[in-house]
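Quick look at entry.txt (compact mmCIF, C-alpha atoms):
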# COMPACT_ATOMS: atom_id res chain seq x y z
CA MET W 1 0.00 0.00 0.00
CA ARG W 2 1.19 3.44 -0.80
CA MET W 3 0.57 5.34 2.42
CA ARG W 4 1.88 8.83 2.66
CA THR W 5 3.02 8.95 6.28
CA ILE W 6 6.53 10.38 6.33
CA VAL W 7 8.78 8.80 8.93
CA ALA W 8 11.65 11.01 10.06
CA LEU W 9 15.17 9.85 9.35
CA SER W 10 16.91 8.47 12.38
CA GLY W 11 19.15 10.81 14.30
CA ALA W 12 22.10 8.56 13.71
CA LEU W 13 21.80 8.93 9.95
CA ALA W 14 21.16 12.65 10.13
CA LEU W 15 24.15 13.23 12.39
CA SER W 16 26.73 11.01 10.79
CA LEU W 17 27.30 8.51 8.07
CA THR W 18 31.00 8.04 8.67
CA GLY W 19 32.08 4.45 8.63
CA CYS W 20 28.76 3.19 7.31
CA ALA W 21 30.15 1.90 4.03
CA ASN W 22 31.74 -1.36 5.05
CA GLY W 23 31.50 -2.90 1.61
CA ASN W 24 29.29 -5.77 2.70
CA GLY W 25 26.30 -4.55 0.68
CA ALA W 26 22.75 -5.78 1.01
CA PRO W 27 22.22 -9.50 1.63
CA GLY W 28 22.47 -11.38 -1.63
CA SER W 29 24.28 -8.58 -3.46
CA GLY W 30 27.32 -9.28 -5.56
CA SER W 31 28.80 -9.01 -9.02
CA ASP W 32 26.05 -11.20 -10.48
CA THR W 33 23.12 -9.84 -8.43
CA VAL W 34 21.32 -6.50 -8.21
CA THR W 35 19.34 -5.94 -5.01
CA TYR W 36 16.14 -3.91 -5.32
CA TRP W 37 13.73 -2.72 -2.63
CA LEU W 38 10.14 -1.55 -2.99
CA TRP W 39 7.21 -1.12 -0.57
CA ASP W 40 4.06 -1.79 -2.60
CA ALA W 41 3.06 -5.45 -2.38
CA ASN W 42 0.52 -4.93 -5.18
CA GLN W 43 3.32 -3.98 -7.57
CA LEU W 44 5.63 -6.85 -6.65
CA PRO W 45 4.39 -9.27 -9.38
CA ALA W 46 4.79 -6.58 -12.05
CA TYR W 47 8.39 -5.89 -11.09
CA GLN W 48 9.15 -9.58 -10.82
CA ALA W 49 8.02 -9.76 -14.45
CA CYS W 50 10.34 -6.85 -15.30
CA ALA W 51 13.17 -8.64 -13.54
CA LYS W 52 12.66 -11.70 -15.76
CA GLY W 53 12.79 -9.52 -18.86
CA PHE W 54 15.92 -7.79 -17.60
CA GLU W 55 17.68 -11.04 -16.78
CA LYS W 56 16.89 -12.37 -20.24
CA GLU W 57 18.52 -9.31 -21.81
CA ASN W 58 21.46 -9.41 -19.39
CA PRO W 59 22.70 -13.02 -19.08
CA GLY W 60 24.61 -13.56 -15.87
CA LEU W 61 22.78 -10.80 -13.96
CA LYS W 62 20.04 -11.54 -11.44
CA VAL W 63 17.67 -9.16 -9.65
CA ARG W 64 16.76 -9.89 -6.03
CA ILE W 65 13.62 -7.96 -4.99
CA THR W 66 12.71 -7.23 -1.38
CA GLN W 67 9.25 -5.89 -0.54
CA LEU W 68 8.61 -4.24 2.83
CA GLY W 69 5.58 -2.43 4.28
CA TRP W 70 5.76 1.39 4.18
CA ASP W 71 6.89 2.06 7.76
CA ASP W 72 9.30 -0.87 7.87
CA TYR W 73 10.64 0.14 4.48
CA TRP W 74 11.97 3.53 5.52
CA THR W 75 13.12 2.36 8.95
CA LYS W 76 15.12 -0.52 7.49
CA LEU W 77 16.43 1.55 4.59
CA THR W 78 17.73 4.15 7.02
CA ALA W 79 19.33 1.45 9.15
CA SER W 80 20.91 -0.11 6.07
CA PHE W 81 22.66 3.15 5.18
CA ILE W 82 24.17 3.21 8.65
CA ALA W 83 25.16 -0.45 8.64
CA GLY W 84 26.43 -0.49 5.08
CA THR W 85 23.85 -3.08 3.98
CA GLU W 86 21.82 -0.83 1.70
CA PRO W 87 20.29 -2.24 -1.50
CA ASP W 88 21.79 -1.39 -4.86
CA VAL W 89 18.54 0.22 -6.03
CA PHE W 90 15.38 1.29 -4.20
CA THR W 91 12.04 2.94 -4.85
CA ASP W 92 12.38 6.56 -3.71
CA HIS W 93 9.83 9.14 -2.57
CA ILE W 94 9.87 12.81 -3.55
CA GLN W 95 9.93 13.96 0.08
CA LYS W 96 12.88 11.73 0.93
CA PHE W 97 15.41 12.12 -1.82
CA GLY W 98 16.47 15.68 -1.00
CA GLN W 99 17.73 14.72 2.44
CA PHE W 100 19.23 11.49 1.12
CA ALA W 101 21.05 13.50 -1.55
CA ASP W 102 22.35 15.98 1.04
CA LEU W 103 23.66 13.08 3.11
CA LYS W 104 25.44 11.80 -0.01
CA VAL W 105 23.98 8.31 0.14
CA LEU W 106 22.61 8.46 -3.43
CA GLU W 107 24.44 8.03 -6.72
CA PRO W 108 23.90 10.84 -9.26
CA LEU W 109 22.12 9.57 -12.38
CA ASP W 110 23.21 12.31 -14.77
CA GLY W 111 24.87 9.80 -17.08
CA LEU W 112 21.75 7.70 -17.48
CA GLY W 113 20.57 9.73 -20.46
CA ILE W 114 17.12 10.48 -19.07
CA ASP W 115 15.11 12.77 -21.33
CA PRO W 116 12.26 14.52 -19.46
CA ALA W 117 10.25 14.50 -22.69
CA ASP W 118 10.03 10.71 -22.50
CA TYR W 119 7.86 10.86 -19.38
CA GLN W 120 4.68 12.54 -18.19
CA LYS W 121 5.36 16.26 -17.88
CA GLY W 122 7.17 17.33 -14.72
CA LEU W 123 8.03 13.88 -13.42
CA ALA W 124 11.69 13.88 -14.41
CA ASP W 125 12.34 17.47 -13.29
CA ASN W 126 11.22 16.74 -9.73
CA TRP W 127 14.22 14.48 -9.14
CA ILE W 128 16.94 17.08 -9.62
CA ALA W 129 18.37 18.16 -6.26
CA GLN W 130 19.66 21.60 -5.32
CA ASP W 131 23.18 20.55 -6.31
CA GLY W 132 21.95 20.22 -9.90
CA HIS W 133 22.31 16.45 -10.06
CA ARG W 134 19.60 13.93 -10.86
CA TYR W 135 18.95 11.26 -8.23
CA GLY W 136 15.87 9.49 -9.51
CA ALA W 137 14.68 7.81 -12.72
CA PRO W 138 10.90 8.31 -13.20
CA LYS W 139 8.90 5.24 -12.26
CA ASP W 140 5.18 6.04 -12.06
CA TRP W 141 2.64 8.71 -11.20
CA ASP W 142 -0.67 9.09 -9.43
CA THR W 143 -3.46 11.60 -8.90
CA VAL W 144 -6.34 11.83 -6.41
CA ALA W 145 -10.05 11.40 -7.15
CA LEU W 146 -13.33 10.81 -5.31
CA PHE W 147 -14.32 7.16 -4.77
CA TYR W 148 -17.98 6.54 -3.95
CA ASN W 149 -20.35 3.70 -3.05
CA LYS W 150 -22.74 3.52 -6.01
CA LYS W 151 -25.58 2.02 -4.00
CA MET W 152 -25.44 4.88 -1.49
CA THR W 153 -25.24 7.61 -4.12
CA ASP W 154 -28.09 6.03 -6.08
CA GLN W 155 -30.26 5.88 -2.96
CA ALA W 156 -29.44 9.54 -2.32
CA GLY W 157 -30.47 10.43 -5.87
CA LEU W 158 -26.99 11.60 -6.88
CA THR W 159 -26.08 10.74 -10.47
CA PRO W 160 -22.54 10.20 -11.80
CA ASP W 161 -22.86 13.42 -13.83
CA GLU W 162 -23.77 15.36 -10.68
CA LEU W 163 -20.85 13.87 -8.76
CA ASN W 164 -18.51 14.85 -11.59
CA SER W 165 -19.84 18.41 -11.51
CA LEU W 166 -19.46 19.22 -7.81
CA ASP W 167 -18.00 22.52 -6.66
CA TRP W 168 -17.04 23.97 -3.32
CA ASN W 169 -16.13 27.23 -1.60
CA PRO W 170 -15.02 28.00 1.97
CA LYS W 171 -18.19 29.96 2.80
CA ASP W 172 -21.02 27.46 2.34
CA GLY W 173 -19.22 24.44 0.87
CA GLY W 174 -21.05 24.63 -2.45
CA SER W 175 -22.66 21.59 -4.04
CA PHE W 176 -19.94 19.33 -2.58
CA GLU W 177 -21.01 20.03 1.00
CA LYS W 178 -24.66 19.61 0.03
CA ALA W 179 -23.83 16.22 -1.47
CA ILE W 180 -21.97 14.83 1.54
CA ALA W 181 -24.62 16.25 3.89
CA HIS W 182 -27.29 14.37 1.93
CA LEU W 183 -25.21 11.19 1.98
CA THR W 184 -24.75 11.38 5.75
CA ILE W 185 -27.30 9.36 7.76
CA ASP W 186 -27.76 9.37 11.53
CA ALA W 187 -28.72 6.46 13.77
CA LYS W 188 -32.44 7.11 13.21
CA GLY W 189 -32.17 7.25 9.42
CA ARG W 190 -32.28 11.04 9.05
CA ARG W 191 -29.99 12.56 6.44
CA GLY W 192 -27.59 15.37 7.21
CA ASP W 193 -29.73 17.91 5.37
CA GLU W 194 -33.01 16.87 7.01
CA PRO W 195 -34.67 18.35 10.11
CA GLY W 196 -33.67 16.69 13.37
CA PHE W 197 -30.38 15.24 12.05
CA ASP W 198 -28.24 14.13 15.02
CA LYS W 199 -24.60 14.90 14.27
CA ASN W 200 -23.49 13.12 17.43
CA HIS W 201 -24.92 9.75 16.43
CA VAL W 202 -24.00 9.17 12.80
CA LYS W 203 -24.45 5.78 11.16
CA VAL W 204 -23.04 6.66 7.72
CA TYR W 205 -20.71 9.60 7.10
CA GLY W 206 -20.88 11.35 3.76
CA LEU W 207 -17.09 11.53 3.60
CA ALA W 208 -14.52 9.11 5.05
CA THR W 209 -11.37 10.34 6.77
CA ASN W 210 -7.76 9.60 5.92
CA GLY W 211 -6.49 11.47 8.95
CA ALA W 212 -5.42 15.08 9.38
CA GLY W 213 -3.14 15.16 6.35
CA TYR W 214 0.27 15.95 7.88
CA GLY W 215 1.77 18.87 5.92
CA ASP W 216 0.65 17.83 2.45
CA GLY W 217 -2.97 16.67 2.82
CA GLN W 218 -2.63 14.53 -0.29
CA THR W 219 -5.79 12.46 0.18
CA GLN W 220 -7.44 14.80 2.66
CA TRP W 221 -7.53 18.55 2.05
CA SER W 222 -5.11 19.09 -0.85
CA PRO W 223 -7.83 18.84 -3.54
CA PHE W 224 -9.44 21.87 -1.90
CA THR W 225 -6.34 23.97 -1.14
CA GLY W 226 -5.04 23.16 -4.61
CA SER W 227 -8.24 24.31 -6.28
CA THR W 228 -7.88 27.76 -4.69
CA GLY W 229 -4.57 28.31 -6.47
CA TRP W 230 -2.66 28.15 -3.16
CA ASN W 231 0.90 26.76 -3.14
CA TYR W 232 2.74 25.04 -0.30
CA THR W 233 5.85 27.15 -0.73
CA ASP W 234 7.11 30.29 -2.43
CA LYS W 235 8.64 28.30 -5.30
CA ALA W 236 7.57 25.16 -7.14
CA ARG W 237 10.75 23.31 -6.14
CA TRP W 238 13.18 23.95 -3.32
CA GLY W 239 11.14 26.76 -1.84
CA THR W 240 12.55 28.65 1.13
CA LYS W 241 9.25 29.58 2.77
CA TYR W 242 6.11 27.59 3.52
CA GLN W 243 2.73 29.33 3.32
CA TYR W 244 0.59 27.65 5.95
CA ASP W 245 -0.06 31.13 7.37
CA SER W 246 -1.96 32.12 4.23
CA THR W 247 -5.52 33.34 4.75
CA THR W 248 -6.59 31.27 1.74
CA PHE W 249 -5.06 28.10 3.20
CA GLN W 250 -6.41 28.63 6.69
CA SER W 251 -9.96 29.44 5.54
CA THR W 252 -9.96 26.23 3.51
CA ILE W 253 -8.71 24.14 6.43
CA LYS W 254 -11.27 25.72 8.77
CA TRP W 255 -14.07 24.81 6.37
CA TYR W 256 -12.76 21.29 5.67
CA PHE W 257 -12.30 20.21 9.28
CA GLY W 258 -15.54 22.03 10.08
CA LEU W 259 -17.32 19.32 8.10
CA ALA W 260 -16.51 16.94 10.97
CA LYS W 261 -18.16 19.30 13.47
CA LYS W 262 -21.29 19.18 11.34
CA GLY W 263 -21.19 15.37 11.31
CA TYR W 264 -20.57 15.00 7.55
CA LEU W 265 -16.88 14.10 7.67
CA ALA W 266 -15.86 11.14 9.82
CA PRO W 267 -14.00 12.30 12.97
CA LEU W 268 -10.25 11.97 13.37
CA THR W 269 -10.83 9.11 15.82
CA ALA W 270 -12.32 7.03 12.97
CA TYR W 271 -8.91 6.87 11.34
CA SER W 272 -6.28 4.55 12.75
CA GLY W 273 -3.67 4.16 10.06
CA GLY W 274 -3.44 0.69 8.58
CA ALA W 275 -6.36 -0.60 10.66
CA ASN W 276 -9.08 1.74 9.44
CA GLN W 277 -8.15 3.86 6.47
CA ALA W 278 -10.71 5.60 4.28
CA ASN W 279 -11.06 2.60 1.98
CA ALA W 280 -11.99 0.39 4.95
CA GLN W 281 -14.61 2.92 6.06
CA VAL W 282 -16.20 2.81 2.59
CA ALA W 283 -15.99 -0.98 2.41
CA SER W 284 -17.69 -1.37 5.80
CA GLY W 285 -20.52 1.03 4.92
CA ARG W 286 -19.45 3.62 7.50
CA ALA W 287 -18.81 6.22 4.79
CA ALA W 288 -20.25 6.87 1.35
CA MET W 289 -17.29 8.57 -0.31
CA ALA W 290 -13.55 9.04 0.11
CA PHE W 291 -10.73 10.95 -1.52
CA ASP W 292 -7.93 8.58 -2.37
CA GLY W 293 -5.06 8.04 -4.77
CA ALA W 294 -4.76 6.09 -8.00
CA TRP W 295 -2.62 3.50 -6.24
CA MET W 296 -5.82 2.45 -4.42
CA ILE W 297 -7.94 1.79 -7.52
CA SER W 298 -7.59 -2.00 -7.37
CA THR W 299 -8.30 -1.99 -3.64
CA TYR W 300 -11.60 -0.10 -3.95
CA TYR W 301 -12.77 -2.02 -7.00
CA GLY W 302 -11.83 -5.27 -5.28
CA PHE W 303 -14.40 -4.86 -2.49
CA LYS W 304 -16.92 -7.69 -2.36
CA ASP W 305 -20.59 -6.71 -2.64
CA VAL W 306 -19.72 -3.00 -2.94
CA LYS W 307 -20.03 -1.30 -6.33
CA ILE W 308 -17.60 1.60 -6.61
CA GLY W 309 -17.52 4.64 -8.86
CA THR W 310 -15.03 7.49 -9.19
CA ALA W 311 -15.52 11.18 -9.79
CA PHE W 312 -13.35 14.23 -10.33
CA THR W 313 -12.35 16.35 -7.37
CA PRO W 314 -14.68 19.36 -6.83
CA ALA W 315 -14.08 22.62 -8.68
CA GLY W 316 -12.82 25.35 -6.36
CA PRO W 317 -12.73 29.15 -6.16
CA SER W 318 -10.08 29.26 -8.91
CA GLY W 319 -12.57 27.64 -11.31
CA LYS W 320 -10.37 24.56 -11.62
CA ARG W 321 -10.36 21.15 -10.01
CA GLY W 322 -7.20 20.41 -8.07
CA THR W 323 -5.33 17.15 -7.57
CA MET W 324 -1.86 16.33 -6.39
CA MET W 325 0.19 14.55 -9.03
CA ASN W 326 2.88 12.57 -7.32
CA GLY W 327 5.55 10.48 -8.97
CA LEU W 328 7.96 7.90 -7.60
CA ALA W 329 11.41 7.14 -8.95
CA ASP W 330 14.15 4.55 -8.67
CA SER W 331 17.44 5.62 -7.04
CA ILE W 332 20.86 3.99 -6.89
CA THR W 333 22.70 4.01 -3.58
CA LYS W 334 26.13 5.61 -3.42
CA ASN W 335 27.72 2.49 -1.97
CA ALA W 336 25.88 0.01 -4.18
CA ARG W 337 27.75 -3.28 -4.21
CA ASN W 338 26.94 -3.87 -7.86
CA LYS W 339 26.89 -0.38 -9.31
CA PRO W 340 27.30 -1.37 -12.99
CA GLY W 341 24.42 -3.83 -12.62
CA ALA W 342 22.38 -1.20 -10.74
CA VAL W 343 22.80 1.29 -13.59
CA LYS W 344 21.61 -1.28 -16.12
CA TRP W 345 18.62 -2.19 -13.92
CA VAL W 346 17.53 1.42 -13.43
CA LYS W 347 17.83 2.08 -17.17
CA TYR W 348 15.60 -0.93 -17.75
CA LEU W 349 13.11 0.10 -15.06
CA SER W 350 12.64 3.52 -16.67
CA SER W 351 12.35 2.13 -20.20
CA ASP W 352 9.14 1.66 -22.16
CA GLN W 353 9.77 -2.07 -22.15
CA CYS W 354 9.49 -2.42 -18.37
CA GLN W 355 6.92 0.34 -17.97
CA LYS W 356 4.55 -1.28 -20.46
CA THR W 357 4.99 -4.54 -18.58
CA VAL W 358 4.05 -2.82 -15.32
CA GLY W 359 1.16 -1.03 -17.00
CA ARG W 360 -0.37 -4.29 -18.22
CA TYR W 361 -0.88 -5.36 -14.60
CA GLY W 362 -3.34 -2.48 -14.07
CA ILE W 363 -2.01 -1.53 -10.64
CA VAL W 364 -0.36 1.85 -11.20
CA PHE W 365 0.21 4.42 -13.96
CA PRO W 366 3.81 4.08 -15.24
CA ALA W 367 5.78 7.26 -15.96
CA THR W 368 6.07 6.89 -19.74
CA PRO W 369 3.07 7.62 -21.99
CA GLU W 370 3.29 4.10 -23.44
CA GLY W 371 3.25 2.64 -19.95
CA THR W 372 0.28 4.79 -19.01
CA ARG W 373 -1.66 3.69 -22.09
CA ALA W 374 -0.96 0.06 -21.20
CA ALA W 375 -2.33 0.67 -17.70
CA ILE W 376 -5.49 2.38 -18.99
CA ALA W 377 -6.12 -0.58 -21.29
CA ALA W 378 -5.56 -3.02 -18.42
CA TYR W 379 -8.04 -1.17 -16.20
CA ARG W 380 -10.55 -1.04 -19.04
CA LYS W 381 -10.23 -4.81 -19.46
CA LYS W 382 -11.16 -5.11 -15.77
CA GLY W 383 -14.20 -2.90 -16.37
CA ILE W 384 -12.69 0.08 -14.52
CA ASP W 385 -12.97 3.63 -15.89
CA VAL W 386 -9.92 5.63 -14.72
CA THR W 387 -10.85 8.93 -16.40
CA ALA W 388 -11.12 10.67 -13.01
CA PHE W 389 -7.38 10.08 -12.56
CA THR W 390 -6.07 10.52 -16.09
CA ARG W 391 -8.01 13.50 -17.42
CA PRO W 392 -6.54 15.97 -14.89
CA VAL W 393 -3.08 15.25 -16.31
CA ALA W 394 -4.16 16.03 -19.89
CA ASP W 395 -6.72 18.81 -19.30
CA LYS W 396 -4.95 21.92 -18.01
CA LYS W 397 -7.94 24.15 -18.77
CA ASP W 398 -10.26 22.66 -16.16
CA PHE W 399 -7.74 20.95 -13.86
CA ARG W 400 -4.72 21.97 -11.85
CA THR W 401 -2.12 19.39 -10.89
CA PHE W 402 0.58 20.09 -8.33
CA THR W 403 3.30 18.14 -6.60
CA TYR W 404 4.33 17.45 -3.04
CA PRO W 405 6.23 20.38 -1.52
CA ILE W 406 9.86 19.77 -2.47
CA THR W 407 12.10 21.40 0.13
CA ASP W 408 14.86 20.69 2.59
CA TYR W 409 13.93 19.35 6.03
CA ALA W 410 10.83 17.52 4.80
CA ALA W 411 10.85 15.23 7.84
CA ASP W 412 10.98 18.22 10.19
CA VAL W 413 8.08 19.88 8.38
CA THR W 414 6.03 16.72 8.82
CA ALA W 415 7.01 16.41 12.47
CA LEU W 416 5.69 19.92 13.13
CA MET W 417 2.60 19.86 10.90
CA THR W 418 1.31 16.46 12.01
CA PRO W 419 0.32 17.44 15.58
CA ALA W 420 -0.67 20.93 14.45
CA MET W 421 -3.24 19.58 11.97
CA GLN W 422 -4.43 16.90 14.37
CA ASP W 423 -5.08 19.54 17.01
CA ILE W 424 -7.23 21.53 14.61
CA TYR W 425 -9.12 18.49 13.35
CA GLY W 426 -9.48 16.53 16.57
CA ASN W 427 -9.26 19.11 19.34
CA GLY W 428 -10.83 22.19 17.77
CA LYS W 429 -7.69 24.31 17.94
CA PRO W 430 -8.05 27.51 15.86
CA VAL W 431 -6.49 27.50 12.39
CA SER W 432 -4.64 30.69 13.35
CA SER W 433 -2.36 28.43 15.42
CA LEU W 434 -0.73 27.50 12.11
CA ASP W 435 0.91 30.93 12.07
CA GLN W 436 3.28 29.85 14.81
CA THR W 437 3.89 26.46 13.22
CA ASN W 438 4.65 28.13 9.92
CA ASP W 439 7.16 30.43 11.61
CA GLN W 440 8.89 27.45 13.22
CA ILE W 441 9.11 25.66 9.88
CA ASN W 442 10.50 28.67 8.06
CA LEU W 443 13.06 29.21 10.80
CA ILE W 444 14.32 25.66 10.21
CA LEU W 445 14.46 26.25 6.45
CA SER W 446 16.52 29.39 6.96
CA GLN W 447 19.31 27.50 8.75
Translate this structure into structure tokens?
Amino acid sequence: MRMRTIVALSGALALSLTGCANGNGAPGSGSDTVTYWLWDANQLPAYQACAKGFEKENPGLKVRITQLGWDDYWTKLTASFIAGTEPDVFTDHIQKFGQFADLKVLEPLDGLGIDPADYQKGLADNWIAQDGHRYGAPKDWDTVALFYNKKMTDQAGLTPDELNSLDWNPKDGGSFEKAIAHLTIDAKGRRGDEPGFDKNHVKVYGLATNGAGYGDGQTQWSPFTGSTGWNYTDKARWGTKYQYDSTTFQSTIKWYFGLAKKGYLAPLTAYSGGANQANAQVASGRAAMAFDGAWMISTYYGFKDVKIGTAFTPAGPSGKRGTMMNGLADSITKNARNKPGAVKWVKYLSSDQCQKTVGRYGIVFPATPEGTRAAIAAYRKKGIDVTAFTRPVADKKDFRTFTYPITDYAADVTALMTPAMQDIYGNGKPVSSLDQTNDQINLILSQ
């Protein structure tokens, strides 16, 4: 699963990496083996297929793949850098690579011959660090859309066309708030927009929760903040100032978390990480709709006895619909045991040949256009329409895509924003408290 919780790098790695390269390499590494780590179990079969293709083209070379859950992945990767047992190649995240690059544990990929034009726009550029070197080869991409329980929306009289035409504003919530209010049902069967609705005893929430959103709000509030035209930082990449003190941002957050006070959005307590994410709330019938990422398509459409549909994110005050477009990449470690083999493997991973193979599994959208087309065809074969995820990438008139904030000290930003957002969502702390948090973050960035 592709959760977005960012786990801070261990103090030992942040303080010192001296003596970590003992030459032992990851278990199983050697001149005839390339070790590769990834975290998404759903993608493992696709990359095993790529490994077979690679090995056929490179006789004498083997790829050993290790898959770990998200939290374990980053913990063990960090420990491996310290112990000198890091893999040759690993799946990297946009909020991680900057600090890894600063700590000089990544191998520059400038000689790989990566042409940004070969991939979906913007994906390749995101992996160039402040030192001007490239540290990631584009792997895949994802956007966010609105998943909904078709039975519940049908019973509420909401058509697919209506769900694809929702809008919102921070004053009255627009048609989006009206929709989730109507989908919300209390213990006595009264809807959220009917007289006598009891917000303290809700049976079905109109909107599921994925938590407070940390500092990015990818599958929580980012579709709303993004549709106002607001930006996380003062620059698209490597910004020096965050803008959580913006009136636009804070009014959006106040409205969004205010939906929980009205009983339409599931409370923070309904979310418990891996145990009860938004998809589980929809599957159990506790919520009618949820914002989630493209990496979750197969999960939602795999629910038994629950028919799922997807819709675009609501149009905001800017007139556009906003969605974060994230992209992962493959990175080579500085002390890779088999660096020549690692280079060949990463070239293969970022090629159309591998990306079309991955696309045919219908699990994720690969970074190349050919890979993306293969994925769309695979989803179509499964009877899944993925337009809600793909159109925002192609339609810049009606949609706005944006990336994770790419800055230094990403782990520190998350460490500060996580409790700040939870306090607003769960404890009713005023959004103006973000002014102080923003000042603390910008002080760190100025160091």
request  = With a distance cut-off of 9 Å and all atoms listed in the file, select the neighbouring residues of region 246-255 of chain W, excluding the residue or stretch itself and same-chain residues fewer than 5 positions from it, and output the selection as an NGL selection string.
outcome  = :W and (169-173 or 221 or 224-225 or 228-231 or 424-425 or 430-432 or 434-435)
inquiry  = Just the number, please: distance in Å from CA of Ala367 (chain W) to CA of Gly211 (chain W), one decimal.
reply    =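 For CA of Ala367 (chain W) relative to CA of Gly211 (chain W), the distance reads 28.1 Å.
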task = For the point (9.0, 30.1, 6.0) in the file's frame, write as a list in words all residues with an atom no more than 10 Å away, counting all atoms listed in the file.
result = Thr233, Asp234, Gly239, Thr240, Lys241, Tyr242, Gln243, Tyr244, Asp245, Thr437, Asn438, Asp439, Gln440, Ile441, Asn442, Leu443, Ile444, Leu445 and Ser446 of chain W
task = Point out the residue among W:Phe399, W:Phe257, W:Thr85, W:Ile297 with the least atom-to-atom distance to Ala212 (chain W), counting only C-alpha atoms.
result =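 Using only C-alpha atoms, the shortest distance to Ala212 (chain W) belongs to W:Phe257.
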What's around Phe312 (chain W) at 6 Å? Count all atoms listed in the file, leave out sequence neighbours fewer than 4 positions away in its own chain, and write the answer as a tab-separated table (two decimals) with C-alpha atoms, in the coordinates of the input.
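For reference, result18.tsv as written:
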chain	number	residue	atom	x	y	z
W	145	ALA	CA	-10.05	11.40	-7.15
W	164	ASN	CA	-18.51	14.85	-11.59
W	388	ALA	CA	-11.12	10.67	-13.01
ask   = If you count all atoms listed in the file, which residues fall within 7 Å of Gly215 (chain W), apart from same-chain ones fewer than 2 positions away, as a PyMOL selection string?
value = chain W and resi 213+217+413-414+417-418
Could you please take those selected residues and save C-alpha atoms as a compact mmCIF listing (two decimals), in the coordinates of the input?
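part.txt, freshly written:
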# COMPACT_ATOMS: atom_id res chain seq x y z
CA GLY W 213 -3.14 15.16 6.35
CA GLY W 217 -2.97 16.67 2.82
CA VAL W 413 8.08 19.88 8.38
CA THR W 414 6.03 16.72 8.82
CA MET W 417 2.60 19.86 10.90
CA THR W 418 1.31 16.46 12.01
task = Work out how far apart CA of Ala179 (chain W) and CA of Gly316 (chain W) are and give it in Å to one decimal.
result =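 Calculated distance between CA of Ala179 (chain W) and CA of Gly316 (chain W) is 15.1 Å.
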task = Just the residues within 7 Å of region 123-137 of chain W, please, counting only C-alpha atoms, with nothing from its chain fewer than 4 positions along; format it as an MDAnalysis selection string.
result = chainID W and resid 98 106:110 116 119 327 329:331 350
Kindly write region 268-283 of chain W with C-alpha atoms to a file, as a short mmCIF file (atom, residue, chain, number, x, y, z; two decimals), in the first residue's frame.
data_model
loop_
_atom_site.label_atom_id
_atom_site.label_comp_id
_atom_site.auth_asym_id
_atom_site.auth_seq_id
_atom_site.Cartn_x
_atom_site.Cartn_y
_atom_site.Cartn_z
CA LEU W 268 -10.25 11.97 13.37
CA THR W 269 -10.83 9.11 15.82
CA ALA W 270 -12.32 7.03 12.97
CA TYR W 271 -8.91 6.87 11.34
CA SER W 272 -6.28 4.55 12.75
CA GLY W 273 -3.67 4.16 10.06
CA GLY W 274 -3.44 0.69 8.58
CA ALA W 275 -6.36 -0.60 10.66
CA ASN W 276 -9.08 1.74 9.44
CA GLN W 277 -8.15 3.86 6.47
CA ALA W 278 -10.71 5.60 4.28
CA ASN W 279 -11.06 2.60 1.98
CA ALA W 280 -11.99 0.39 4.95
CA GLN W 281 -14.61 2.92 6.06
CA VAL W 282 -16.20 2.81 2.59
CA ALA W 283 -15.99 -0.98 2.41
#
